[in-house]
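Containing PDB, C-alpha atoms: protein10.pdb.
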MODEL        1
ATOM      1  CA  ASP G   1       5.704   8.968  12.205
ATOM      2  CA  SER G   2       2.744   8.558   9.855
ATOM      3  CA  GLY G   3       0.152   8.773  12.608
ATOM      4  CA  VAL G   4      -1.031   5.204  12.015
ATOM      5  CA  THR G   5       0.087   2.957  14.859
ATOM      6  CA  GLN G   6       0.424  -0.789  14.547
ATOM      7  CA  THR G   7       1.248  -3.203  17.324
ATOM      8  CA  PRO G   8       3.116  -5.405  17.771
ATOM      9  CA  LYS G   9       5.948  -4.711  15.321
ATOM     10  CA  HIS G  10       7.097  -8.319  15.313
ATOM     11  CA  LEU G  11       5.304 -11.540  16.157
ATOM     12  CA  ILE G  12       6.635 -15.081  16.123
ATOM     13  CA  THR G  13       4.158 -17.865  16.703
ATOM     14  CA  ALA G  14       3.640 -21.540  15.998
ATOM     15  CA  THR G  15       1.429 -23.155  13.394
ATOM     16  CA  GLY G  16      -2.142 -23.630  14.518
ATOM     17  CA  GLN G  17      -2.063 -20.653  16.844
ATOM     18  CA  ARG G  18      -4.166 -17.491  16.827
ATOM     19  CA  VAL G  19      -2.881 -13.925  16.916
ATOM     20  CA  THR G  20      -4.375 -10.444  16.999
ATOM     21  CA  LEU G  21      -2.862  -7.464  15.231
ATOM     22  CA  ARG G  22      -3.888  -4.004  16.309
ATOM     23  CA  CYS G  23      -4.129  -0.743  14.407
ATOM     24  CA  SER G  24      -4.915   2.801  15.507
ATOM     25  CA  PRO G  25      -5.731   5.037  12.547
ATOM     26  CA  ARG G  26      -4.506   8.573  12.060
ATOM     27  CA  SER G  27      -6.492  11.076  14.080
ATOM     28  CA  GLY G  28      -9.659  12.008  12.211
ATOM     29  CA  ASP G  29      -9.517   9.140   9.717
ATOM     30  CA  LEU G  30     -12.626   7.002   9.588
ATOM     31  CA  SER G  31     -11.515   4.231   7.238
ATOM     32  CA  VAL G  32      -9.111   1.441   8.085
ATOM     33  CA  TYR G  33      -7.649  -0.944   5.519
ATOM     34  CA  TRP G  34      -5.662  -4.114   6.074
ATOM     35  CA  TYR G  35      -3.093  -5.364   3.572
ATOM     36  CA  GLN G  36      -0.845  -8.409   3.507
ATOM     37  CA  GLN G  37       2.583  -8.076   1.915
ATOM     38  CA  SER G  38       4.517 -11.179   0.939
ATOM     39  CA  LEU G  39       7.368 -11.779  -1.495
ATOM     40  CA  ASP G  40       5.333 -13.908  -3.872
ATOM     41  CA  GLN G  41       1.944 -12.152  -3.712
ATOM     42  CA  GLY G  42       3.002  -8.538  -3.248
ATOM     43  CA  LEU G  43       0.535  -6.213  -1.508
ATOM     44  CA  GLN G  44      -2.860  -7.855  -1.214
ATOM     45  CA  PHE G  45      -5.930  -6.037   0.047
ATOM     46  CA  LEU G  46      -7.645  -7.919   2.819
ATOM     47  CA  ILE G  47     -10.498  -5.880   4.231
ATOM     48  CA  GLN G  48     -11.770  -2.349   4.824
ATOM     49  CA  TYR G  49     -13.801  -0.791   7.600
ATOM     50  CA  TYR G  50     -15.457   2.597   7.596
ATOM     51  CA  ASN G  51     -16.680   4.110  10.845
ATOM     52  CA  GLY G  52     -17.160   0.728  12.442
ATOM     53  CA  GLU G  53     -18.746  -1.077   9.522
ATOM     54  CA  GLU G  54     -17.205  -3.518   7.093
ATOM     55  CA  ARG G  55     -17.184  -1.904   3.647
ATOM     56  CA  ALA G  56     -15.092  -4.076   1.371
ATOM     57  CA  LYS G  57     -13.500  -7.483   1.378
ATOM     58  CA  GLY G  58     -10.548  -8.579  -0.692
ATOM     59  CA  ASN G  59      -8.516 -11.761  -0.632
ATOM     60  CA  ILE G  60      -9.105 -12.461   3.024
ATOM     61  CA  LEU G  61      -9.098 -16.077   4.145
ATOM     62  CA  GLU G  62     -11.953 -17.448   6.216
ATOM     63  CA  ARG G  63      -9.444 -18.076   9.023
ATOM     64  CA  PHE G  64      -8.920 -14.326   9.206
ATOM     65  CA  SER G  65     -11.352 -11.801  10.605
ATOM     66  CA  ALA G  66     -11.294  -8.155  11.567
ATOM     67  CA  GLN G  67     -13.335  -5.504  13.268
ATOM     68  CA  GLN G  68     -13.304  -1.782  13.913
ATOM     69  CA  PHE G  69     -14.269  -0.555  17.332
ATOM     70  CA  PRO G  70     -16.214   2.590  18.351
ATOM     71  CA  ASP G  71     -12.947   4.416  19.033
ATOM     72  CA  LEU G  72     -12.015   3.549  15.417
ATOM     73  CA  HIS G  73      -9.073   1.313  16.199
ATOM     74  CA  SER G  74      -9.117  -1.990  14.364
ATOM     75  CA  GLU G  75      -7.974  -5.506  15.043
ATOM     76  CA  LEU G  76      -7.087  -8.245  12.576
ATOM     77  CA  ASN G  77      -7.460 -11.755  13.958
ATOM     78  CA  LEU G  78      -5.558 -14.581  12.305
ATOM     79  CA  SER G  79      -6.349 -18.125  13.426
ATOM     80  CA  SER G  80      -5.203 -21.674  12.662
ATOM     81  CA  LEU G  81      -1.997 -20.133  11.418
ATOM     82  CA  GLU G  82      -0.016 -21.800   8.670
ATOM     83  CA  LEU G  83       3.555 -21.286   7.530
ATOM     84  CA  GLY G  84       2.264 -19.488   4.462
ATOM     85  CA  ASP G  85       0.669 -16.806   6.620
ATOM     86  CA  SER G  86       4.109 -15.434   7.410
ATOM     87  CA  ALA G  87       4.112 -11.928   5.963
ATOM     88  CA  LEU G  88       4.065  -8.232   6.712
ATOM     89  CA  TYR G  89       0.612  -7.025   7.639
ATOM     90  CA  PHE G  90      -0.061  -3.360   7.040
ATOM     91  CA  CYS G  91      -2.837  -1.191   8.276
ATOM     92  CA  ALA G  92      -3.705   2.022   6.465
ATOM     93  CA  SER G  93      -6.234   4.742   7.112
ATOM     94  CA  SER G  94      -7.955   7.460   5.132
ATOM     95  CA  PRO G  95     -10.361  10.265   5.990
ATOM     96  CA  ARG G  96     -13.337   9.035   4.044
ATOM     97  CA  GLY G  97     -14.996   5.899   2.761
ATOM     98  CA  PRO G  98     -14.369   3.714  -0.279
ATOM     99  CA  ALA G  99     -12.980   5.201  -3.453
ATOM    100  CA  THR G 100     -11.483   8.151  -1.658
ATOM    101  CA  ASN G 101      -8.912  10.015  -3.709
ATOM    102  CA  TYR G 102      -6.969  11.097  -0.644
ATOM    103  CA  GLY G 103      -4.713   8.095  -0.731
ATOM    104  CA  TYR G 104      -3.993   6.004   2.280
ATOM    105  CA  THR G 105      -1.651   6.613   5.202
ATOM    106  CA  PHE G 106       0.171   3.435   6.135
ATOM    107  CA  GLY G 107       1.476   2.189   9.428
ATOM    108  CA  SER G 108       4.894   0.595   9.729
ATOM    109  CA  GLY G 109       3.451  -2.904   9.726
ATOM    110  CA  THR G 110       3.499  -6.048  11.828
ATOM    111  CA  ARG G 111       5.907  -8.746  10.724
ATOM    112  CA  LEU G 112       4.356 -12.125  11.437
ATOM    113  CA  THR G 113       6.534 -15.214  11.403
ATOM    114  CA  VAL G 114       4.841 -18.584  11.741
ATOM    115  CA  VAL G 115       7.202 -21.412  12.694
TER
ATOM    116  CA  ALA H   1     -10.959  -5.928 -13.019
ATOM    117  CA  GLN H   2      -8.538  -3.106 -12.442
ATOM    118  CA  SER H   3      -4.863  -4.079 -12.518
ATOM    119  CA  VAL H   4      -1.555  -2.286 -12.225
ATOM    120  CA  THR H   5       1.619  -3.452 -13.932
ATOM    121  CA  GLN H   6       5.084  -2.258 -13.046
ATOM    122  CA  LEU H   7       7.750  -3.052 -15.608
ATOM    123  CA  GLY H   8      10.947  -4.231 -14.027
ATOM    124  CA  SER H   9      11.108  -5.624 -10.537
ATOM    125  CA  HIS H  10      14.568  -4.132 -10.119
ATOM    126  CA  VAL H  11      16.072  -0.964 -11.586
ATOM    127  CA  SER H  12      19.644   0.146 -10.988
ATOM    128  CA  VAL H  13      20.942   3.639 -11.750
ATOM    129  CA  SER H  14      24.060   5.622 -10.961
ATOM    130  CA  GLU H  15      23.932   8.559  -8.599
ATOM    131  CA  GLY H  16      22.997  11.665 -10.585
ATOM    132  CA  ALA H  17      21.362   9.692 -13.388
ATOM    133  CA  LEU H  18      17.741   9.868 -14.469
ATOM    134  CA  VAL H  19      15.305   7.627 -12.621
ATOM    135  CA  LEU H  20      12.433   6.169 -14.648
ATOM    136  CA  LEU H  21      10.056   3.667 -13.064
ATOM    137  CA  ARG H  22       7.274   2.402 -15.297
ATOM    138  CA  CYS H  23       3.650   1.829 -14.398
ATOM    139  CA  ASN H  24       0.691   0.884 -16.574
ATOM    140  CA  TYR H  25      -2.870   0.499 -15.452
ATOM    141  CA  SER H  26      -5.803  -1.259 -17.017
ATOM    142  CA  SER H  27      -9.066   0.561 -16.923
ATOM    143  CA  SER H  28     -11.610   1.873 -19.351
ATOM    144  CA  VAL H  29     -12.067   4.814 -17.050
ATOM    145  CA  PRO H  30      -9.019   6.785 -15.874
ATOM    146  CA  PRO H  31      -8.605   5.889 -12.236
ATOM    147  CA  TYR H  32      -7.004   7.797  -9.441
ATOM    148  CA  LEU H  33      -3.298   6.885  -9.495
ATOM    149  CA  PHE H  34      -0.662   6.890  -6.787
ATOM    150  CA  TRP H  35       3.024   6.242  -6.242
ATOM    151  CA  TYR H  36       4.241   5.039  -2.861
ATOM    152  CA  VAL H  37       7.779   4.457  -1.601
ATOM    153  CA  GLN H  38       8.813   1.847   0.951
ATOM    154  CA  TYR H  39      12.158   2.095   2.708
ATOM    155  CA  PRO H  40      13.539  -1.043   4.372
ATOM    156  CA  ASN H  41      11.573  -2.098   7.441
ATOM    157  CA  GLN H  42       9.124   0.753   7.048
ATOM    158  CA  GLY H  43       5.584   1.275   5.852
ATOM    159  CA  LEU H  44       4.544   2.837   2.566
ATOM    160  CA  GLN H  45       4.809   6.589   2.167
ATOM    161  CA  LEU H  46       2.793   8.526  -0.397
ATOM    162  CA  LEU H  47       5.042  10.143  -3.019
ATOM    163  CA  LEU H  48       2.416  11.688  -5.260
ATOM    164  CA  LYS H  49      -1.053  11.185  -6.664
ATOM    165  CA  TYR H  50      -3.076  11.955  -9.757
ATOM    166  CA  THR H  51      -6.772  12.607  -9.353
ATOM    167  CA  THR H  52      -7.962  15.114 -11.933
ATOM    168  CA  GLY H  53      -6.564  18.164 -13.664
ATOM    169  CA  ALA H  54      -2.907  18.599 -14.585
ATOM    170  CA  THR H  55      -1.425  15.423 -15.988
ATOM    171  CA  LEU H  56       2.085  16.174 -14.710
ATOM    172  CA  VAL H  57       2.096  15.640 -10.992
ATOM    173  CA  LYS H  58       4.897  16.720  -8.702
ATOM    174  CA  GLY H  59       5.595  14.862  -5.493
ATOM    175  CA  ILE H  60       8.007  14.827  -2.626
ATOM    176  CA  ASN H  61      11.781  14.365  -2.864
ATOM    177  CA  GLY H  62      11.941  15.698  -6.434
ATOM    178  CA  PHE H  63       9.821  12.955  -7.991
ATOM    179  CA  GLU H  64       7.157  13.571 -10.588
ATOM    180  CA  ALA H  65       4.848  11.440 -12.696
ATOM    181  CA  GLU H  66       2.921  12.030 -15.877
ATOM    182  CA  PHE H  67      -0.505  10.587 -16.521
ATOM    183  CA  LYS H  68      -0.880   9.561 -20.173
ATOM    184  CA  LYS H  69      -4.375   8.357 -20.929
ATOM    185  CA  SER H  70      -3.534   7.232 -24.476
ATOM    186  CA  GLU H  71      -0.800   4.976 -23.140
ATOM    187  CA  THR H  72      -2.601   4.045 -19.880
ATOM    188  CA  SER H  73       0.650   4.916 -18.136
ATOM    189  CA  PHE H  74       1.758   6.768 -15.031
ATOM    190  CA  HIS H  75       5.547   6.564 -15.061
ATOM    191  CA  LEU H  76       7.585   7.978 -12.179
ATOM    192  CA  THR H  77      10.685  10.060 -12.888
ATOM    193  CA  LYS H  78      13.378  11.978 -11.092
ATOM    194  CA  PRO H  79      16.023  13.922 -13.030
ATOM    195  CA  SER H  80      18.939  13.089 -10.754
ATOM    196  CA  ALA H  81      19.094  10.048  -8.487
ATOM    197  CA  HIS H  82      20.380  10.331  -4.958
ATOM    198  CA  MET H  83      21.682   7.516  -2.787
ATOM    199  CA  SER H  84      18.781   8.125  -0.402
ATOM    200  CA  ASP H  85      16.315   7.236  -3.193
ATOM    201  CA  ALA H  86      17.200   3.558  -2.880
ATOM    202  CA  ALA H  87      13.937   1.910  -1.871
ATOM    203  CA  GLU H  88      11.017  -0.031  -3.284
ATOM    204  CA  TYR H  89       8.423   1.908  -5.247
ATOM    205  CA  PHE H  90       4.809   0.906  -5.697
ATOM    206  CA  CYS H  91       2.331   2.188  -8.220
ATOM    207  CA  ALA H  92      -1.326   1.931  -7.217
ATOM    208  CA  ALA H  93      -4.697   2.636  -8.720
ATOM    209  CA  LEU H  94      -7.938   3.366  -6.967
ATOM    210  CA  GLY H  95     -10.682   1.677  -8.794
ATOM    211  CA  GLY H  96     -10.984  -1.905  -7.753
ATOM    212  CA  SER H  97     -14.490  -3.303  -7.739
ATOM    213  CA  GLN H  98     -14.689  -2.314  -4.104
ATOM    214  CA  GLY H  99     -13.121   1.093  -4.465
ATOM    215  CA  ASN H 100      -9.869   0.134  -2.803
ATOM    216  CA  LEU H 101      -6.227   0.649  -3.798
ATOM    217  CA  ILE H 102      -4.800  -1.951  -6.158
ATOM    218  CA  PHE H 103      -1.001  -2.141  -6.062
ATOM    219  CA  GLY H 104       1.568  -3.178  -8.601
ATOM    220  CA  LYS H 105       4.220  -5.728  -7.622
ATOM    221  CA  GLY H 106       6.749  -3.008  -6.878
ATOM    222  CA  THR H 107      10.101  -1.945  -8.335
ATOM    223  CA  LYS H 108      13.215  -2.004  -6.206
ATOM    224  CA  LEU H 109      15.476   0.944  -7.046
ATOM    225  CA  SER H 110      19.198   0.655  -6.412
ATOM    226  CA  VAL H 111      21.475   3.695  -6.686
ATOM    227  CA  LYS H 112      25.173   3.119  -7.349
ATOM    228  CA  PRO H 113      27.749   5.668  -6.205
TER
ENDMDL
END
Please go through the file and, once you have read it, give me the structure as structure tokens.
Amino acid sequence: DSGVTQTPKHLITATGQRVTLRCSPRSGDLSVYWYQQSLDQGLQFLIQYYNGEERAKGNILERFSAQQFPDLHSELNLSSLELGDSALYFCASSPRGPATNYGYTFGSGTRLTVV
Amino acid sequence: AQSVTQLGSHVSVSEGALVLLRCNYSSSVPPYLFWYVQYPNQGLQLLLKYTTGATLVKGINGFEAEFKKSETSFHLTKPSAHMSDAAEYFCAALGGSQGNLIFGKGTKLSVKP
């Protein structure tokens, strides 16, 4: 157990729907990162939050949004889902802010299947 | 922009043989470098990292990596492969424009008995 908790582990939904993925970071970590892993694109950075504030944005679609709450857990909202959004979504956490050399601790991911 | 290239999407070795997984980074400034391992249906686990100091870095499960600035490389090695090493390995560099981890495409390691 890495200490980073992601729920749900699996999600099957229809095109056009909206889903919310949840992440609880490791105790004491202030930063949360979201990544999308697909066969063709590999691991793509989506967005980062540090202590409740958005700090960095990567290849995140406008249909996707995220936030980090005061208790530091984070949610990734995916809307108007398309077949191509099917992927593994990982959350990671680290103790500090951007450019930390600690490395990230990853959760076990949420597998999203859009049908 | 920072990028990480892993040579070989699939490497196959025999049990007991040397494991060599290649990683090159592009940066004018040496970045922080990481190797992660992903077992089937699991998240990524940190194997080792290079930040500053000694260029030969030892990690978990007998893996090590050497940072070579002149070659912009950070190859991962293990002297003797074990069946339990079969997994996908990702090289990553910290140094994107936003200070986040940039990953290579990954190398799937198979270990034959």
* **Distance filter 9 Å, only C-alpha atoms, chain H against chain G, as a PyMOL selection string** => chain H and resi 32-34+41-46+49-51+94-96+98-106
* Asked: Quick one: which residues end up in the PyMOL selection byres ((chain H and resi 63) around 9) for this structure, as a VMD selection string?
  -> chain H and resid 19 47 to 48 57 to 62 64 to 65 76 to 79
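Interatomic distance, CA of Thr72 (chain H) to CA of Gln6 (chain H): 12.1 Å.
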* the PyMOL selection byres ((chain H and resi 7) around 12) applied to the shown file, residues as a ChimeraX atom specification -> /H:4-6,8-11,20-25,73-76,89-91,104-108
* To do: Rank G:Ser93, G:Gln36, G:Thr113, G:Ser31 by their smallest atom-to-atom distance to Leu81 (chain G), using all atoms listed in the file, and report the top residue only.
  => G:Thr113
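The gap separating CA of Tyr50 (chain G) from CA of Ser26 (chain H) is 26.7 Å, in Å to one decimal.
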* Asked: Arg18 (chain G): which residues within 10 Å, counting only C-alpha atoms, same-chain residues fewer than 2 positions away excluded, as a ChimeraX atom specification?
  -> /G:13-16,20,63-64,77-81
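The coordinates place CA of Glu88 (chain H) at 26.7 Å from CA of Ser70 (chain H).
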Using the file's own x, y and z axes, so that the box edges lie along x, y and z, what centre and edge lengths in Å (one decimal) does a box around every listed atom of region 10-24 of chain G get when 3 Å is added on each side? Give it as JSON.
{"center_x": 1.1, "center_y": -10.4, "center_z": 15.2, "size_x": 18.0, "size_y": 32.4, "size_z": 9.6}
Residues matched by the PyMOL selection byres ((chain G and resi 85) around 8) as a short mmCIF file (atom, residue, chain, number, x, y, z; two decimals) with C-alpha atoms, keeping the file's coordinate frame:
data_model
loop_
_atom_site.label_atom_id
_atom_site.label_comp_id
_atom_site.auth_asym_id
_atom_site.auth_seq_id
_atom_site.Cartn_x
_atom_site.Cartn_y
_atom_site.Cartn_z
CA LEU G 81 -2.00 -20.13 11.42
CA GLU G 82 -0.02 -21.80 8.67
CA LEU G 83 3.56 -21.29 7.53
CA GLY G 84 2.26 -19.49 4.46
CA SER G 86 4.11 -15.43 7.41
CA ALA G 87 4.11 -11.93 5.96
CA LEU G 112 4.36 -12.12 11.44
CA THR G 113 6.53 -15.21 11.40
CA VAL G 114 4.84 -18.58 11.74
#
* **Who sits within 7 Å of Gly52 (chain G), all atoms listed in the file, same chain under 2 positions skipped, as a ChimeraX atom specification** => /G:49-50,54,68-70,72
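Here the question is which of H:Ser3, H:Glu71, H:Asp85, H:Ser12 gets nearest to Lys112 (chain H) using all atoms listed in the file, and that residue is H:Ser12.
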As a short mmCIF file (atom, residue, chain, number, x, y, z; two decimals) with C-alpha atoms, keeping the file's coordinate frame, please: the residues near Val13 (chain H) (cut-off 10 Å, all atoms listed in the file, same-chain neighbours under 3 positions excluded).
data_model
loop_
_atom_site.label_atom_id
_atom_site.label_comp_id
_atom_site.auth_asym_id
_atom_site.auth_seq_id
_atom_site.Cartn_x
_atom_site.Cartn_y
_atom_site.Cartn_z
CA GLY H 16 23.00 11.66 -10.58
CA ALA H 17 21.36 9.69 -13.39
CA LEU H 18 17.74 9.87 -14.47
CA VAL H 19 15.30 7.63 -12.62
CA LEU H 20 12.43 6.17 -14.65
CA SER H 80 18.94 13.09 -10.75
CA ALA H 81 19.09 10.05 -8.49
CA HIS H 82 20.38 10.33 -4.96
CA MET H 83 21.68 7.52 -2.79
CA ALA H 86 17.20 3.56 -2.88
CA LEU H 109 15.48 0.94 -7.05
CA SER H 110 19.20 0.66 -6.41
CA VAL H 111 21.48 3.70 -6.69
CA LYS H 112 25.17 3.12 -7.35
CA PRO H 113 27.75 5.67 -6.20
#
* Asked: Using all atoms listed in the file, which of the listed residues (H:Ser14, H:Ala54, H:Glu66, H:Ala92) sits closest to Val37 (chain H)?
  -> H:Ala92
Please complete region 53-64 of chain H with all heavy atoms and give it back as a PDB file, keeping the file's coordinate frame.
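Full text of result34.pdb as output:
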ATOM      1  N   GLY H  53      -7.288  16.930 -13.383  1.00  0.00           N
ATOM      2  CA  GLY H  53      -6.564  18.164 -13.664  1.00  0.00           C
ATOM      3  C   GLY H  53      -5.240  17.921 -14.349  1.00  0.00           C
ATOM      4  O   GLY H  53      -5.128  17.076 -15.236  1.00  0.00           O
ATOM      5  N   ALA H  54      -4.224  18.640 -13.945  1.00  0.00           N
ATOM      6  CA  ALA H  54      -2.907  18.599 -14.585  1.00  0.00           C
ATOM      7  C   ALA H  54      -2.371  17.177 -14.633  1.00  0.00           C
ATOM      8  O   ALA H  54      -2.394  16.461 -13.631  1.00  0.00           O
ATOM      9  CB  ALA H  54      -1.929  19.501 -13.840  1.00  0.00           C
ATOM     10  N   THR H  55      -1.880  16.803 -15.805  1.00  0.00           N
ATOM     11  CA  THR H  55      -1.425  15.423 -15.988  1.00  0.00           C
ATOM     12  C   THR H  55      -0.005  15.204 -15.487  1.00  0.00           C
ATOM     13  O   THR H  55       0.405  14.065 -15.297  1.00  0.00           O
ATOM     14  CB  THR H  55      -1.505  15.019 -17.461  1.00  0.00           C
ATOM     15  OG1 THR H  55      -0.750  15.967 -18.231  1.00  0.00           O
ATOM     16  CG2 THR H  55      -2.950  15.004 -17.946  1.00  0.00           C
ATOM     17  N   LEU H  56       0.746  16.286 -15.284  1.00  0.00           N
ATOM     18  CA  LEU H  56       2.085  16.174 -14.710  1.00  0.00           C
ATOM     19  C   LEU H  56       1.967  16.495 -13.226  1.00  0.00           C
ATOM     20  O   LEU H  56       1.600  17.604 -12.848  1.00  0.00           O
ATOM     21  CB  LEU H  56       3.059  17.127 -15.403  1.00  0.00           C
ATOM     22  CG  LEU H  56       4.511  17.037 -14.933  1.00  0.00           C
ATOM     23  CD1 LEU H  56       5.079  15.655 -15.220  1.00  0.00           C
ATOM     24  CD2 LEU H  56       5.356  18.120 -15.602  1.00  0.00           C
ATOM     25  N   VAL H  57       2.286  15.511 -12.433  1.00  0.00           N
ATOM     26  CA  VAL H  57       2.096  15.640 -10.992  1.00  0.00           C
ATOM     27  C   VAL H  57       3.450  15.665 -10.302  1.00  0.00           C
ATOM     28  O   VAL H  57       4.298  14.808 -10.557  1.00  0.00           O
ATOM     29  CB  VAL H  57       1.275  14.451 -10.446  1.00  0.00           C
ATOM     30  CG1 VAL H  57       1.063  14.603  -8.949  1.00  0.00           C
ATOM     31  CG2 VAL H  57      -0.049  14.333 -11.165  1.00  0.00           C
ATOM     32  N   LYS H  58       3.641  16.640  -9.454  1.00  0.00           N
ATOM     33  CA  LYS H  58       4.897  16.720  -8.702  1.00  0.00           C
ATOM     34  C   LYS H  58       4.692  16.187  -7.292  1.00  0.00           C
ATOM     35  O   LYS H  58       3.644  16.424  -6.670  1.00  0.00           O
ATOM     36  CB  LYS H  58       5.388  18.167  -8.654  1.00  0.00           C
ATOM     37  CG  LYS H  58       5.794  18.701 -10.017  1.00  0.00           C
ATOM     38  CD  LYS H  58       6.452  20.059  -9.930  1.00  0.00           C
ATOM     39  CE  LYS H  58       6.726  20.637 -11.313  1.00  0.00           C
ATOM     40  NZ  LYS H  58       7.595  19.766 -12.130  1.00  0.00           N
ATOM     41  N   GLY H  59       5.701  15.439  -6.816  1.00  0.00           N
ATOM     42  CA  GLY H  59       5.595  14.862  -5.493  1.00  0.00           C
ATOM     43  C   GLY H  59       6.741  15.287  -4.592  1.00  0.00           C
ATOM     44  O   GLY H  59       7.425  16.267  -4.859  1.00  0.00           O
ATOM     45  N   ILE H  60       6.941  14.506  -3.567  1.00  0.00           N
ATOM     46  CA  ILE H  60       8.007  14.827  -2.626  1.00  0.00           C
ATOM     47  C   ILE H  60       9.343  14.307  -3.134  1.00  0.00           C
ATOM     48  O   ILE H  60       9.383  13.456  -4.038  1.00  0.00           O
ATOM     49  CB  ILE H  60       7.706  14.244  -1.229  1.00  0.00           C
ATOM     50  CG1 ILE H  60       7.605  12.713  -1.292  1.00  0.00           C
ATOM     51  CG2 ILE H  60       6.423  14.837  -0.662  1.00  0.00           C
ATOM     52  CD1 ILE H  60       7.508  12.054   0.062  1.00  0.00           C
ATOM     53  N   ASN H  61      10.419  14.817  -2.561  1.00  0.00           N
ATOM     54  CA  ASN H  61      11.781  14.365  -2.864  1.00  0.00           C
ATOM     55  C   ASN H  61      12.169  14.500  -4.333  1.00  0.00           C
ATOM     56  O   ASN H  61      13.039  13.756  -4.816  1.00  0.00           O
ATOM     57  CB  ASN H  61      11.968  12.894  -2.432  1.00  0.00           C
ATOM     58  CG  ASN H  61      11.694  12.693  -0.949  1.00  0.00           C
ATOM     59  OD1 ASN H  61      11.775  13.625  -0.161  1.00  0.00           O
ATOM     60  ND2 ASN H  61      11.343  11.488  -0.573  1.00  0.00           N
ATOM     61  N   GLY H  62      11.564  15.430  -5.048  1.00  0.00           N
ATOM     62  CA  GLY H  62      11.941  15.698  -6.434  1.00  0.00           C
ATOM     63  C   GLY H  62      11.347  14.762  -7.469  1.00  0.00           C
ATOM     64  O   GLY H  62      11.686  14.834  -8.649  1.00  0.00           O
ATOM     65  N   PHE H  63      10.460  13.882  -7.057  1.00  0.00           N
ATOM     66  CA  PHE H  63       9.821  12.955  -7.991  1.00  0.00           C
ATOM     67  C   PHE H  63       8.628  13.604  -8.679  1.00  0.00           C
ATOM     68  O   PHE H  63       7.972  14.474  -8.111  1.00  0.00           O
ATOM     69  CB  PHE H  63       9.358  11.689  -7.259  1.00  0.00           C
ATOM     70  CG  PHE H  63      10.480  10.735  -6.940  1.00  0.00           C
ATOM     71  CD1 PHE H  63      11.119  10.783  -5.709  1.00  0.00           C
ATOM     72  CD2 PHE H  63      10.889   9.792  -7.874  1.00  0.00           C
ATOM     73  CE1 PHE H  63      12.155   9.916  -5.412  1.00  0.00           C
ATOM     74  CE2 PHE H  63      11.916   8.917  -7.591  1.00  0.00           C
ATOM     75  CZ  PHE H  63      12.561   8.978  -6.354  1.00  0.00           C
ATOM     76  N   GLU H  64       8.365  13.165  -9.879  1.00  0.00           N
ATOM     77  CA  GLU H  64       7.157  13.571 -10.588  1.00  0.00           C
ATOM     78  C   GLU H  64       6.680  12.422 -11.454  1.00  0.00           C
ATOM     79  O   GLU H  64       7.429  11.482 -11.735  1.00  0.00           O
ATOM     80  CB  GLU H  64       7.377  14.833 -11.409  1.00  0.00           C
ATOM     81  CG  GLU H  64       8.431  14.734 -12.479  1.00  0.00           C
ATOM     82  CD  GLU H  64       8.618  16.078 -13.190  1.00  0.00           C
ATOM     83  OE1 GLU H  64       8.529  17.132 -12.536  1.00  0.00           O
ATOM     84  OE2 GLU H  64       8.857  16.053 -14.409  1.00  0.00           O
TER      85      GLU H  64
END
